[in-house]
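A.B. asks: So here's input.txt, just compact mmCIF, C-alpha atoms:
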```txt
# COMPACT_ATOMS: atom_id res chain seq x y z
CA MET A 894 -10.76 30.50 135.93
CA GLU A 895 -13.00 27.51 135.40
CA ALA A 896 -14.27 24.70 137.61
CA VAL A 897 -11.07 24.54 139.53
CA GLN A 898 -10.57 21.93 142.19
CA GLY A 899 -7.70 22.44 144.57
CA ALA A 900 -6.19 20.05 147.06
CA ARG A 901 -3.29 19.81 149.47
CA GLY A 902 -2.10 16.28 149.97
CA ASP A 903 -5.18 14.04 149.82
CA ARG A 904 -7.59 16.65 151.07
CA VAL A 905 -9.79 18.44 148.59
CA LEU A 906 -10.12 22.06 149.75
CA PHE A 907 -12.49 23.44 147.18
CA SER A 908 -14.08 22.24 143.96
CA SER A 909 -16.09 23.61 141.04
CA LEU A 910 -14.85 27.08 141.79
CA SER A 911 -15.27 29.43 138.83
CA PHE A 912 -14.88 33.15 138.39
CA ASN A 913 -13.96 35.71 135.80
CA LEU A 914 -11.88 38.80 136.34
CA SER A 915 -11.55 41.71 133.99
CA ARG A 916 -9.25 44.72 133.94
CA GLY A 917 -9.69 47.10 136.84
CA GLN A 918 -11.18 44.52 139.19
CA LEU A 919 -10.07 43.36 142.59
CA LEU A 920 -10.77 39.87 143.87
CA HIS A 921 -10.80 39.51 147.63
CA ILE A 922 -10.55 35.89 148.75
CA THR A 923 -11.79 35.29 152.27
CA GLY A 924 -12.16 32.22 154.40
CA PRO A 925 -11.02 30.73 157.69
CA ASN A 926 -7.48 29.39 158.21
CA GLY A 927 -6.87 26.25 156.24
CA SER A 928 -9.69 26.86 153.80
CA GLY A 929 -7.37 26.91 150.80
CA LYS A 930 -6.77 30.60 150.17
CA THR A 931 -3.04 30.19 149.63
CA THR A 932 -3.62 27.05 147.55
CA LEU A 933 -5.99 29.01 145.32
CA LEU A 934 -3.45 31.80 144.88
CA ARG A 935 -0.68 29.33 144.07
CA ILE A 936 -2.94 27.75 141.45
CA LEU A 937 -3.66 31.19 139.99
CA CYS A 938 0.02 32.05 139.64
CA GLY A 939 0.89 28.66 138.18
CA LEU A 940 2.93 27.17 141.02
CA LEU A 941 0.35 24.46 141.65
CA THR A 942 -1.57 22.46 139.08
CA PRO A 943 -5.27 22.20 139.91
CA LEU A 944 -6.67 18.69 140.26
CA GLU A 945 -9.42 19.59 137.83
CA GLY A 946 -10.25 22.55 135.66
CA MET A 947 -7.90 25.18 134.40
CA VAL A 948 -6.86 28.76 134.86
CA ARG A 949 -7.06 30.91 131.76
CA TRP A 950 -5.18 34.13 131.15
CA HIS A 951 -6.24 36.17 128.09
CA GLY A 952 -8.37 33.12 127.27
CA HIS A 953 -5.44 30.68 127.15
CA ASP A 954 -4.62 27.96 129.63
CA ILE A 955 -1.75 29.29 131.75
CA ARG A 956 0.10 25.99 131.43
CA SER A 957 0.35 26.41 127.65
CA SER A 958 1.07 30.15 127.69
CA ALA A 959 3.21 30.10 130.81
CA SER A 960 5.73 32.72 129.70
CA THR A 961 3.11 35.41 128.95
CA HIS A 962 1.37 34.68 132.21
CA ARG A 963 4.62 34.81 134.19
CA ARG A 964 5.64 38.07 132.55
CA GLU A 965 2.32 39.74 133.32
CA CYS A 966 1.84 38.42 136.83
CA THR A 967 3.51 39.19 140.14
CA TYR A 968 2.99 36.90 143.11
CA ILE A 969 3.84 37.95 146.65
CA GLY A 970 3.54 34.89 148.84
CA HIS A 971 3.33 34.81 152.60
CA ARG A 972 7.08 34.29 152.64
CA ASP A 973 8.82 37.47 151.59
CA GLY A 974 11.40 35.95 149.25
CA LEU A 975 14.16 38.24 150.51
CA LYS A 976 17.74 37.32 151.33
CA ALA A 977 18.63 38.19 154.93
CA GLU A 978 22.33 38.63 154.07
CA LEU A 979 21.69 41.26 151.40
CA THR A 980 20.75 44.87 152.09
CA ALA A 981 17.30 46.22 151.32
CA LEU A 982 18.65 47.99 148.23
CA GLU A 983 20.51 44.91 146.96
CA ASN A 984 17.40 42.78 147.38
CA LEU A 985 15.27 45.20 145.42
CA GLN A 986 17.97 45.54 142.75
CA VAL A 987 18.09 41.77 142.25
CA ASN A 988 14.29 41.62 142.08
CA ALA A 989 14.18 44.51 139.64
CA ARG A 990 16.81 43.02 137.36
CA MET A 991 15.07 39.66 137.38
CA SER A 992 11.86 41.37 136.24
CA GLY A 993 13.65 43.28 133.50
CA CYS A 994 13.81 46.68 135.20
CA HIS A 995 17.25 48.28 134.99
CA ASP A 996 16.22 51.80 135.92
CA THR A 997 17.83 52.93 139.19
CA LYS A 998 15.31 55.76 139.41
CA VAL A 999 12.42 53.28 139.61
CA ILE A 1000 14.24 51.39 142.36
CA ASN A 1001 15.02 54.53 144.34
CA ASP A 1002 11.46 55.84 143.94
CA SER A 1003 10.08 52.54 145.17
CA LEU A 1004 12.30 52.61 148.25
CA ARG A 1005 11.19 56.17 149.02
CA LEU A 1006 7.54 55.34 148.48
CA LEU A 1007 7.74 52.34 150.80
CA GLY A 1008 9.42 54.41 153.50
CA LEU A 1009 12.60 52.34 153.29
CA TRP A 1010 14.92 54.99 151.86
CA ASP A 1011 16.74 55.50 155.16
CA TYR A 1012 17.12 51.77 155.65
CA GLN A 1013 18.38 50.85 152.18
CA ASP A 1014 21.88 49.93 153.37
CA LEU A 1015 20.71 47.77 156.27
CA LEU A 1016 20.84 44.01 155.92
CA VAL A 1017 17.33 42.63 155.53
CA GLY A 1018 18.03 40.31 158.47
CA HIS A 1019 18.14 43.44 160.64
CA LEU A 1020 14.87 44.90 159.39
CA SER A 1021 11.58 44.46 161.23
CA ALA A 1022 8.90 42.08 159.92
CA GLY A 1023 6.82 45.01 158.68
CA GLN A 1024 9.75 46.56 156.85
CA ARG A 1025 10.54 43.23 155.23
CA ARG A 1026 6.92 42.96 154.11
CA ARG A 1027 7.10 46.44 152.61
CA LEU A 1028 10.27 45.51 150.76
CA ALA A 1029 8.66 42.33 149.44
CA LEU A 1030 5.80 44.44 148.10
CA GLY A 1031 8.42 46.61 146.39
CA ARG A 1032 8.53 43.82 143.83
CA LEU A 1033 5.15 45.08 142.58
CA LEU A 1034 6.51 48.55 141.96
CA VAL A 1035 9.58 47.46 140.00
CA LYS A 1036 7.86 44.84 137.86
CA ARG A 1037 4.65 46.65 136.89
CA ALA A 1038 2.78 43.50 135.97
CA ILE A 1039 -0.92 43.51 135.05
CA LEU A 1040 -1.99 40.85 137.54
CA TRP A 1041 -0.99 41.20 141.19
CA ILE A 1042 -1.51 38.13 143.35
CA LEU A 1043 -1.00 38.99 147.01
CA ASP A 1044 -1.10 36.56 149.90
CA GLU A 1045 -1.92 38.49 153.07
CA PRO A 1046 -0.17 41.68 151.94
CA PHE A 1047 -0.97 43.57 155.14
CA THR A 1048 0.58 41.12 157.60
CA ALA A 1049 2.89 42.91 160.06
CA ILE A 1050 2.37 46.22 158.28
CA ASP A 1051 1.47 49.37 160.26
CA ILE A 1052 -1.35 51.82 159.48
CA ASP A 1053 0.88 54.11 157.39
CA GLY A 1054 2.15 51.17 155.39
CA ARG A 1055 -1.37 49.94 154.82
CA ASP A 1056 -2.33 53.36 153.49
CA ILE A 1057 0.61 53.36 151.10
CA ILE A 1058 -0.22 49.90 149.81
CA GLU A 1059 -3.92 50.58 149.43
CA ALA A 1060 -3.09 53.74 147.49
CA GLN A 1061 -0.89 51.65 145.20
CA LEU A 1062 -3.68 49.10 144.76
CA ILE A 1063 -6.10 51.88 143.80
CA SER A 1064 -3.75 53.39 141.24
CA HIS A 1065 -3.01 49.93 139.86
CA LEU A 1066 -6.73 49.23 139.45
CA GLN A 1067 -7.32 52.65 137.90
CA GLY A 1068 -4.53 51.85 135.46
CA ASP A 1069 -6.51 48.78 134.33
CA GLY A 1070 -4.62 46.32 136.48
CA ILE A 1071 -6.06 43.30 138.24
CA VAL A 1072 -5.51 42.45 141.90
CA VAL A 1073 -6.21 39.18 143.66
CA LEU A 1074 -5.58 39.19 147.37
CA THR A 1075 -6.33 37.35 150.56
CA SER A 1076 -6.75 39.33 153.73
CA HIS A 1077 -8.50 38.81 157.03
CA GLN A 1078 -9.19 42.50 157.40
CA ALA A 1079 -11.81 44.24 155.31
CA LEU A 1080 -10.58 46.75 152.77
CA SER A 1081 -10.92 50.24 154.17
CA ARG A 1082 -10.92 52.47 151.09
CA PRO A 1083 -14.26 52.92 149.25
CA GLN A 1084 -12.40 53.09 145.89
CA LEU A 1085 -11.23 49.55 146.55
CA ARG A 1086 -14.55 48.28 147.81
CA GLU A 1087 -16.45 49.45 144.73
CA ARG A 1088 -14.14 47.46 142.43
CA CYS A 1089 -14.05 44.46 144.72
CA VAL A 1090 -15.48 40.99 144.10
CA THR A 1091 -15.40 38.62 147.06
CA VAL A 1092 -15.00 34.87 146.98
CA SER A 1093 -15.46 33.04 150.26
CA LEU A 1094 -13.91 29.65 150.79
CA GLN A 1095 -15.36 27.36 153.44
CA MET B 475 21.81 36.15 130.10
CA THR B 476 20.70 38.82 132.60
CA ALA B 477 19.13 36.08 134.67
CA PHE B 478 22.35 34.06 134.72
CA THR B 479 24.62 36.96 135.69
CA THR B 480 22.17 38.45 138.20
CA ILE B 481 21.74 35.16 140.04
CA PHE B 482 25.43 34.27 139.76
CA ARG B 483 26.49 37.58 141.29
CA ARG B 484 23.81 37.40 143.96
CA ASP B 485 24.87 33.90 145.03
CA ILE B 486 28.58 34.77 145.08
CA LYS B 487 27.78 37.80 147.23
CA LEU B 488 25.67 35.65 149.55
CA ALA B 489 28.43 33.05 149.83
CA LEU B 490 31.00 35.71 150.72
CA ARG B 491 28.70 37.10 153.42
CA HIS B 492 28.01 33.63 154.76
CA ARG B 493 31.61 32.78 155.59
CA SER B 494 30.93 29.70 157.69
CA GLU B 495 29.03 28.01 154.88
CA LEU B 496 31.85 28.89 152.50
CA ILE B 497 34.58 27.57 154.76
CA ASN B 498 32.87 24.36 155.98
CA PRO B 499 33.48 22.17 152.90
CA LEU B 500 37.00 23.51 152.47
CA ALA B 501 37.85 22.83 156.11
CA PHE B 502 36.38 19.34 155.77
CA PHE B 503 38.57 18.71 152.72
CA VAL B 504 41.73 19.92 154.48
CA ILE B 505 41.03 18.01 157.69
CA VAL B 506 40.21 14.69 156.05
CA VAL B 507 43.18 14.78 153.68
CA SER B 508 45.64 15.90 156.32
CA LEU B 509 44.52 13.19 158.77
CA PHE B 510 45.67 10.43 156.44
CA PRO B 511 49.43 11.02 156.79
CA LEU B 512 48.89 11.11 160.56
CA GLY B 513 46.84 7.93 160.73
CA LEU B 514 48.88 5.91 158.27
CA SER B 515 52.55 5.10 158.64
CA ALA B 516 54.92 7.81 157.51
CA ASP B 517 56.02 5.48 154.73
CA SER B 518 55.74 7.63 151.62
CA ARG B 519 55.04 4.67 149.33
CA THR B 520 51.82 3.71 151.16
CA LEU B 521 50.75 7.33 151.22
CA LEU B 522 51.40 7.78 147.54
CA GLN B 523 49.43 4.65 146.75
CA LEU B 524 46.39 6.02 148.55
CA ALA B 525 46.84 9.68 147.57
CA PRO B 526 44.68 9.80 144.39
CA ALA B 527 41.76 8.04 146.06
CA VAL B 528 42.04 10.08 149.27
CA LEU B 529 42.12 13.39 147.42
CA TRP B 530 39.25 12.49 145.13
CA ILE B 531 37.01 10.95 147.78
CA SER B 532 37.55 13.91 150.11
CA ALA B 533 36.77 16.38 147.33
CA LEU B 534 33.64 14.41 146.45
CA LEU B 535 32.40 14.27 150.04
CA ALA B 536 33.21 17.94 150.61
CA THR B 537 31.12 18.82 147.55
CA MET B 538 28.27 16.65 148.79
CA LEU B 539 28.33 18.37 152.16
CA SER B 540 27.87 21.73 150.48
CA LEU B 541 25.22 20.72 147.94
CA GLU B 542 22.22 21.58 150.10
CA SER B 543 23.27 25.22 150.14
CA ILE B 544 22.41 25.53 146.43
CA PHE B 545 18.67 25.66 147.09
CA ARG B 546 18.05 25.29 150.84
CA SER B 547 17.95 28.94 151.90
CA ASP B 548 16.12 30.00 148.73
CA TYR B 549 13.51 27.36 149.42
CA GLU B 550 13.06 28.43 153.02
CA ASP B 551 12.77 32.17 152.51
CA GLY B 552 10.48 31.95 149.48
CA SER B 553 13.02 33.21 146.93
CA LEU B 554 12.81 29.93 145.06
CA GLU B 555 9.10 30.48 144.31
CA GLN B 556 9.95 33.87 142.91
CA LEU B 557 12.76 32.47 140.78
CA VAL B 558 10.49 29.76 139.38
CA LEU B 559 7.81 32.37 138.62
CA SER B 560 10.19 34.83 136.96
CA ASP B 561 9.80 35.12 133.21
CA HIS B 562 13.40 34.06 132.57
CA PRO B 563 14.12 30.49 131.51
CA LEU B 564 14.52 28.51 134.72
CA PHE B 565 17.51 26.53 133.40
CA LEU B 566 19.53 29.76 133.08
CA ILE B 567 18.76 30.64 136.68
CA VAL B 568 19.70 27.11 137.75
CA LEU B 569 22.91 27.34 135.74
CA GLY B 570 23.76 30.63 137.44
CA LYS B 571 23.21 29.08 140.86
CA VAL B 572 25.22 25.94 140.07
CA THR B 573 28.09 27.98 138.60
CA ALA B 574 28.19 30.11 141.74
CA HIS B 575 28.17 26.95 143.85
CA TRP B 576 31.07 25.47 141.88
CA CYS B 577 33.10 28.69 142.16
CA THR B 578 32.67 28.67 145.93
CA THR B 579 33.37 24.94 146.44
CA GLY B 580 34.78 22.90 143.54
CA LEU B 581 37.05 25.61 142.22
CA LEU B 582 38.44 26.39 145.67
CA LEU B 583 38.93 22.67 146.42
CA THR B 584 40.83 22.31 143.16
CA LEU B 585 43.05 25.28 143.97
CA MET B 586 43.82 23.88 147.41
CA SER B 587 44.48 20.34 146.24
CA PRO B 588 48.17 20.74 145.19
CA ALA B 589 49.22 21.86 148.67
CA LEU B 590 47.38 18.93 150.26
CA ALA B 591 48.70 16.50 147.67
CA ILE B 592 52.26 17.37 148.65
CA SER B 593 51.49 16.32 152.23
CA LEU B 594 50.60 12.86 150.82
CA ALA B 595 54.06 12.53 149.22
CA PHE B 596 52.56 13.30 145.81
CA PRO B 597 55.18 13.77 143.07
CA PRO B 598 55.18 17.49 142.10
CA GLN B 599 55.53 16.75 138.36
CA ASN B 600 52.09 15.03 138.39
CA LEU B 601 50.21 17.82 140.14
CA ASP B 602 48.94 19.22 136.85
CA ILE B 603 47.01 16.00 136.14
CA LEU B 604 45.45 16.11 139.61
CA VAL B 605 44.34 19.69 139.06
CA TRP B 606 43.00 18.89 135.59
CA THR B 607 40.90 15.94 136.80
CA LEU B 608 39.43 18.00 139.63
CA LEU B 609 38.83 20.96 137.33
CA LEU B 610 36.89 18.73 134.93
CA GLY B 611 35.25 16.58 137.59
CA THR B 612 34.02 18.99 140.27
CA PRO B 613 31.67 21.01 137.98
CA THR B 614 30.02 17.70 137.05
CA LEU B 615 29.62 16.95 140.75
CA SER B 616 27.87 20.30 141.29
CA LEU B 617 25.65 19.87 138.23
CA ILE B 618 24.52 16.34 139.06
CA GLY B 619 24.18 17.29 142.72
CA SER B 620 21.81 20.13 141.86
CA ILE B 621 19.28 17.61 140.49
CA GLY B 622 19.35 15.69 143.77
CA VAL B 623 19.03 18.82 145.88
CA ALA B 624 16.16 20.10 143.77
CA LEU B 625 14.33 16.83 144.41
CA THR B 626 15.00 16.65 148.15
CA VAL B 627 15.01 20.28 149.28
CA GLY B 628 11.32 20.11 150.19
CA LEU B 629 11.94 17.29 152.64
CA ARG B 630 12.83 18.07 156.22
CA ARG B 631 15.57 15.46 156.49
CA GLY B 632 16.63 15.02 152.92
CA GLY B 633 20.33 14.55 153.63
CA ILE B 634 20.54 10.76 153.55
CA LEU B 635 18.14 10.51 150.64
CA LEU B 636 20.26 13.02 148.75
CA ALA B 637 23.37 10.89 149.33
CA LEU B 638 21.56 7.76 148.17
CA LEU B 639 20.31 9.49 145.03
CA ILE B 640 23.54 11.19 144.11
CA LEU B 641 26.34 8.79 145.07
CA PRO B 642 25.64 6.19 142.35
CA LEU B 643 25.87 8.97 139.77
CA TYR B 644 29.12 10.22 141.27
CA ILE B 645 30.86 6.84 141.01
CA PRO B 646 31.92 7.08 137.32
CA ILE B 647 33.47 10.49 137.94
CA LEU B 648 35.30 9.16 140.98
CA ILE B 649 36.58 6.14 139.06
CA PHE B 650 37.85 8.11 136.07
CA GLY B 651 39.22 10.95 138.19
CA ALA B 652 41.11 8.86 140.71
CA SER B 653 42.37 6.35 138.15
CA ALA B 654 43.69 9.12 135.90
CA VAL B 655 45.71 10.53 138.78
CA ASP B 656 46.85 7.05 139.75
CA MET B 657 48.02 6.18 136.23
CA SER B 658 49.79 9.48 135.77
CA ILE B 659 51.92 8.67 138.83
CA ASP B 660 52.87 5.40 137.15
CA GLY B 661 53.90 7.37 134.09
CA LEU B 662 51.04 6.20 131.85
CA ASP B 663 49.07 8.27 129.35
CA VAL B 664 45.81 9.58 130.84
CA ALA B 665 44.35 11.49 127.88
CA GLY B 666 41.54 8.91 127.62
CA GLN B 667 40.36 9.48 131.19
CA LEU B 668 40.56 13.23 130.84
CA TYR B 669 38.45 13.13 127.66
CA LEU B 670 35.90 10.97 129.43
CA LEU B 671 35.74 13.38 132.35
CA ALA B 672 35.31 16.23 129.86
CA ALA B 673 32.56 14.30 128.07
CA LEU B 674 30.74 13.68 131.37
CA PHE B 675 31.05 17.39 132.15
CA VAL B 676 29.57 18.44 128.81
CA LEU B 677 26.80 15.87 129.12
CA SER B 678 25.81 17.04 132.59
CA LEU B 679 26.12 20.70 131.56
CA THR B 680 23.59 20.16 128.78
CA LEU B 681 21.15 17.95 130.64
CA ALA B 682 21.37 18.69 134.37
CA PRO B 683 19.99 22.28 134.31
CA PHE B 684 16.82 21.07 132.58
CA ALA B 685 16.42 18.13 134.96
CA THR B 686 16.98 20.43 137.93
CA SER B 687 14.40 22.93 136.64
CA ALA B 688 11.80 20.19 136.26
CA ALA B 689 12.63 18.85 139.72
CA LEU B 690 12.24 22.32 141.26
CA ARG B 691 8.78 22.74 139.75
CA VAL B 692 7.77 19.37 141.20
CA THR B 693 9.24 20.25 144.61
CA LEU B 694 7.26 23.50 144.79
CA GLU B 695 3.92 21.82 143.98
```
Written as structure tokens, that's how I'd like the structure from this file.

C.D. replies:
Amino acid sequence: MEAVQGARGDRVLFSSLSFNLSRGQLLHITGPNGSGKTTLLRILCGLLTPLEGMVRWHGHDIRSSASTHRRECTYIGHRDGLKAELTALENLQVNARMSGCHDTKVINDSLRLLGLWDYQDLLVGHLSAGQRRRLALGRLLVKRAILWILDEPFTAIDIDGRDIIEAQLISHLQGDGIVVLTSHQALSRPQLRERCVTVSLQ
Amino acid sequence: MTAFTTIFRRDIKLALRHRSELINPLAFFVIVVSLFPLGLSADSRTLLQLAPAVLWISALLATMLSLESIFRSDYEDGSLEQLVLSDHPLFLIVLGKVTAHWCTTGLLLTLMSPALAISLAFPPQNLDILVWTLLLGTPTLSLIGSIGVALTVGLRRGGILLALLILPLYIPILIFGASAVDMSIDGLDVAGQLYLLAALFVLSLTLAPFATSAALRVTLE
């Protein structure tokens, strides 16, 4: 990522921001509310075009190699992207199929891992906010992308859930994955902290 | 193709679970068309004169009422971002969504139209032309409509803007559709109009999904 300038509306949130991430690294973006954390993440995943500069993936501008970047990147925004009228299982099945995973075992394992196995036939509209967040993060487990971009992944999630997710982050990093996340809480596991680079937005 | 079928099946399932949204445009269609014989004189000649226009305008407005549902809920719950970021071609996803929308509105309107046409003193031997025009016209309405919705879904009150954007594009379809039905009642040949409706359908089928995809990317910026 090079000299990126991001803005919402007419307001420039950050400029000349540059960093480099390599396999096995975690980037923790911090900053007060409204400092542009979500904007930065949306630029990284290609939803927003930066005002200046560019984001490179494998050395190529993500706008010119969009399909590779999209295939190797999973973005979990602050909205869960789940349909309230579908059950937990149906939601995960749709997400899995859209990311090219047709293996029911992977889907079932993900539900078990996220502690949603007993709730798989409930409509997502009837799940709690934390359970919905867990299900949204299930997208990571069925897609197995290299780059995970997570916007406040721990919102509404309990201590157990946080443990599960941090364990997944660690195994993803150990498997040469890359994680970019925003979070107001500090990361608790030392394995995460030693691989962590922090960028603070003002 | 996985993207198309996955999204198509998902949207059909969602429509079936969201009964009120499914029934609204159909109820609108039935109510508007069935009010005409009540409001006008019971003279069957006046009714018949107005029948093609009434049926077509009601079908068009019913489709417009339902257009927002193509992208509104996906936009609000964040699914749209995920669809745009998926590594499948966005136009296939859009096509899946528009096809599902047509199956739950245009197709049902078309199937209901013969029964309503009879209440407007419509001659039974001309019903096939009515069904053909709607069958060729309503998918075009959904396809063109999807471009407008993709552009306005990010706005809080996009309804009027959507109508202003879309209605001018709907007018040719309305003219050819209603006039074909009208002429068939007079016993004239309507092959020309039907071919034109088919041509408009093919044109919108090839172009609209790409325009909609581009509009969605702009909307999510």

A.B. asks: Counting all atoms listed in the file, which residues in chain A sit no more than 8 Å from chain B? For each one, give the nearest pair of atoms and the distance in Å, sorted by chain then residue number, as JSON lines.

C.D. replies:
```
{"residue": "A:Cys938", "atom": "CA", "partner": "B:Leu559", "partner_atom": "CA", "distance": 7.9}
{"residue": "A:Gly939", "atom": "CA", "partner": "B:Leu559", "partner_atom": "CA", "distance": 7.9}
{"residue": "A:Leu940", "atom": "CA", "partner": "B:Glu695", "partner_atom": "CA", "distance": 6.2}
{"residue": "A:Leu941", "atom": "CA", "partner": "B:Glu695", "partner_atom": "CA", "distance": 5.0}
{"residue": "A:Thr942", "atom": "CA", "partner": "B:Glu695", "partner_atom": "CA", "distance": 7.4}
{"residue": "A:Ser960", "atom": "CA", "partner": "B:Asp561", "partner_atom": "CA", "distance": 5.9}
{"residue": "A:Thr961", "atom": "CA", "partner": "B:Asp561", "partner_atom": "CA", "distance": 7.9}
{"residue": "A:Arg963", "atom": "CA", "partner": "B:Asp561", "partner_atom": "CA", "distance": 5.3}
{"residue": "A:Arg964", "atom": "CA", "partner": "B:Asp561", "partner_atom": "CA", "distance": 5.1}
{"residue": "A:Tyr968", "atom": "CA", "partner": "B:Gln556", "partner_atom": "CA", "distance": 7.6}
{"residue": "A:Gly970", "atom": "CA", "partner": "B:Gly552", "partner_atom": "CA", "distance": 7.6}
{"residue": "A:Arg972", "atom": "CA", "partner": "B:Gly552", "partner_atom": "CA", "distance": 5.2}
{"residue": "A:Asp973", "atom": "CA", "partner": "B:Gly552", "partner_atom": "CA", "distance": 6.1}
{"residue": "A:Gly974", "atom": "CA", "partner": "B:Ser553", "partner_atom": "CA", "distance": 3.9}
{"residue": "A:Leu975", "atom": "CA", "partner": "B:Ser553", "partner_atom": "CA", "distance": 6.3}
{"residue": "A:Lys976", "atom": "CA", "partner": "B:Asp551", "partner_atom": "CA", "distance": 7.3}
{"residue": "A:Glu978", "atom": "CA", "partner": "B:Leu488", "partner_atom": "CA", "distance": 6.4}
{"residue": "A:Leu979", "atom": "CA", "partner": "B:Leu488", "partner_atom": "CA", "distance": 7.1}
{"residue": "A:Val987", "atom": "CA", "partner": "B:Thr480", "partner_atom": "CA", "distance": 6.6}
{"residue": "A:Arg990", "atom": "CA", "partner": "B:Thr480", "partner_atom": "CA", "distance": 7.1}
{"residue": "A:Met991", "atom": "CA", "partner": "B:Ala477", "partner_atom": "CA", "distance": 6.1}
{"residue": "A:Ser992", "atom": "CA", "partner": "B:Ser560", "partner_atom": "CA", "distance": 6.8}
```

A.B. asks: Since we have the selection now, will you write its residues out, keeping C-alpha atoms, as a tab-separated table (two decimals), in the frame of the given file?

C.D. replies:
```
chain	number	residue	atom	x	y	z
A	938	CYS	CA	0.02	32.05	139.64
A	939	GLY	CA	0.89	28.66	138.18
A	940	LEU	CA	2.93	27.17	141.02
A	941	LEU	CA	0.35	24.46	141.65
A	942	THR	CA	-1.57	22.46	139.08
A	960	SER	CA	5.73	32.72	129.70
A	961	THR	CA	3.11	35.41	128.95
A	963	ARG	CA	4.62	34.81	134.19
A	964	ARG	CA	5.64	38.07	132.55
A	968	TYR	CA	2.99	36.90	143.11
A	970	GLY	CA	3.54	34.89	148.84
A	972	ARG	CA	7.08	34.29	152.64
A	973	ASP	CA	8.82	37.47	151.59
A	974	GLY	CA	11.40	35.95	149.25
A	975	LEU	CA	14.16	38.24	150.51
A	976	LYS	CA	17.74	37.32	151.33
A	978	GLU	CA	22.33	38.63	154.07
A	979	LEU	CA	21.69	41.26	151.40
A	987	VAL	CA	18.09	41.77	142.25
A	990	ARG	CA	16.81	43.02	137.36
A	991	MET	CA	15.07	39.66	137.38
A	992	SER	CA	11.86	41.37	136.24
```

A.B. asks: Neighbourhood query: residues within 6 Å of (23.6, 13.2, 140.2), file coordinates, counting all atoms listed in the file; return as a PyMOL selection string.

C.D. replies: chain B and resi 618-619+640+643

A.B. asks: Extract, using all atoms listed in the file, all DNA, RNA and protein residues at most 10 Å from Ser1021 in chain A, discarding same-chain residues fewer than 6 positions from it, and format them as a list in words.

C.D. replies: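 Close residues of Ser1021 in chain A: Arg1027, Ala1049 and Ile1050 of chain A.
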
A.B. asks: Go ahead and save the residues from that selection, with C-alpha atoms, as an mmCIF file, in the frame of the given file.

C.D. replies:
```cif
data_model
loop_
_atom_site.group_PDB
_atom_site.id
_atom_site.type_symbol
_atom_site.label_atom_id
_atom_site.label_comp_id
_atom_site.auth_asym_id
_atom_site.auth_seq_id
_atom_site.Cartn_x
_atom_site.Cartn_y
_atom_site.Cartn_z
ATOM 1 C CA ARG A 1027 7.100 46.440 152.610
ATOM 2 C CA ALA A 1049 2.890 42.910 160.060
ATOM 3 C CA ILE A 1050 2.370 46.220 158.280
#
```

A.B. asks: Interatomic distance between CA of Ser616 in chain B and CA of Ala665 in chain B?

C.D. replies: 23.0 Å

A.B. asks: Residues within 8 Å of Thr923 in chain A, please, as an mmCIF file with C-alpha atoms, in the coordinates of the input. Count only C-alpha atoms; anything in the same chain fewer than 5 positions from it doesn't count.

C.D. replies:
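So result_2.cif came out as:
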```
data_model
loop_
_atom_site.group_PDB
_atom_site.id
_atom_site.type_symbol
_atom_site.label_atom_id
_atom_site.label_comp_id
_atom_site.auth_asym_id
_atom_site.auth_seq_id
_atom_site.Cartn_x
_atom_site.Cartn_y
_atom_site.Cartn_z
ATOM 1 C CA LYS A 930 -6.770 30.600 150.170
ATOM 2 C CA THR A 1075 -6.330 37.350 150.560
ATOM 3 C CA SER A 1076 -6.750 39.330 153.730
ATOM 4 C CA HIS A 1077 -8.500 38.810 157.030
ATOM 5 C CA THR A 1091 -15.400 38.620 147.060
ATOM 6 C CA VAL A 1092 -15.000 34.870 146.980
ATOM 7 C CA SER A 1093 -15.460 33.040 150.260
ATOM 8 C CA LEU A 1094 -13.910 29.650 150.790
#
```

A.B. asks: Got a sec to check which residues sit within 12 Å of (42.4, 3.5, 137.7), counting all atoms listed in the file, and write them as a PDB file with C-alpha atoms, in the frame of the given file?

C.D. replies:
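As written to disk, point36.pdb reads:
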```pdb
ATOM      1  CA  GLN B 523      49.430   4.650 146.750  1.00  0.00           C
ATOM      2  CA  LEU B 524      46.390   6.020 148.550  1.00  0.00           C
ATOM      3  CA  PRO B 526      44.680   9.800 144.390  1.00  0.00           C
ATOM      4  CA  ALA B 527      41.760   8.040 146.060  1.00  0.00           C
ATOM      5  CA  PRO B 646      31.920   7.080 137.320  1.00  0.00           C
ATOM      6  CA  ILE B 647      33.470  10.490 137.940  1.00  0.00           C
ATOM      7  CA  LEU B 648      35.300   9.160 140.980  1.00  0.00           C
ATOM      8  CA  ILE B 649      36.580   6.140 139.060  1.00  0.00           C
ATOM      9  CA  PHE B 650      37.850   8.110 136.070  1.00  0.00           C
ATOM     10  CA  GLY B 651      39.220  10.950 138.190  1.00  0.00           C
ATOM     11  CA  ALA B 652      41.110   8.860 140.710  1.00  0.00           C
ATOM     12  CA  SER B 653      42.370   6.350 138.150  1.00  0.00           C
ATOM     13  CA  ALA B 654      43.690   9.120 135.900  1.00  0.00           C
ATOM     14  CA  VAL B 655      45.710  10.530 138.780  1.00  0.00           C
ATOM     15  CA  ASP B 656      46.850   7.050 139.750  1.00  0.00           C
ATOM     16  CA  MET B 657      48.020   6.180 136.230  1.00  0.00           C
ATOM     17  CA  SER B 658      49.790   9.480 135.770  1.00  0.00           C
ATOM     18  CA  ILE B 659      51.920   8.670 138.830  1.00  0.00           C
ATOM     19  CA  ASP B 660      52.870   5.400 137.150  1.00  0.00           C
ATOM     20  CA  LEU B 662      51.040   6.200 131.850  1.00  0.00           C
ATOM     21  CA  ASP B 663      49.070   8.270 129.350  1.00  0.00           C
ATOM     22  CA  VAL B 664      45.810   9.580 130.840  1.00  0.00           C
ATOM     23  CA  GLY B 666      41.540   8.910 127.620  1.00  0.00           C
ATOM     24  CA  GLN B 667      40.360   9.480 131.190  1.00  0.00           C
TER      25      GLN B 667
END
```
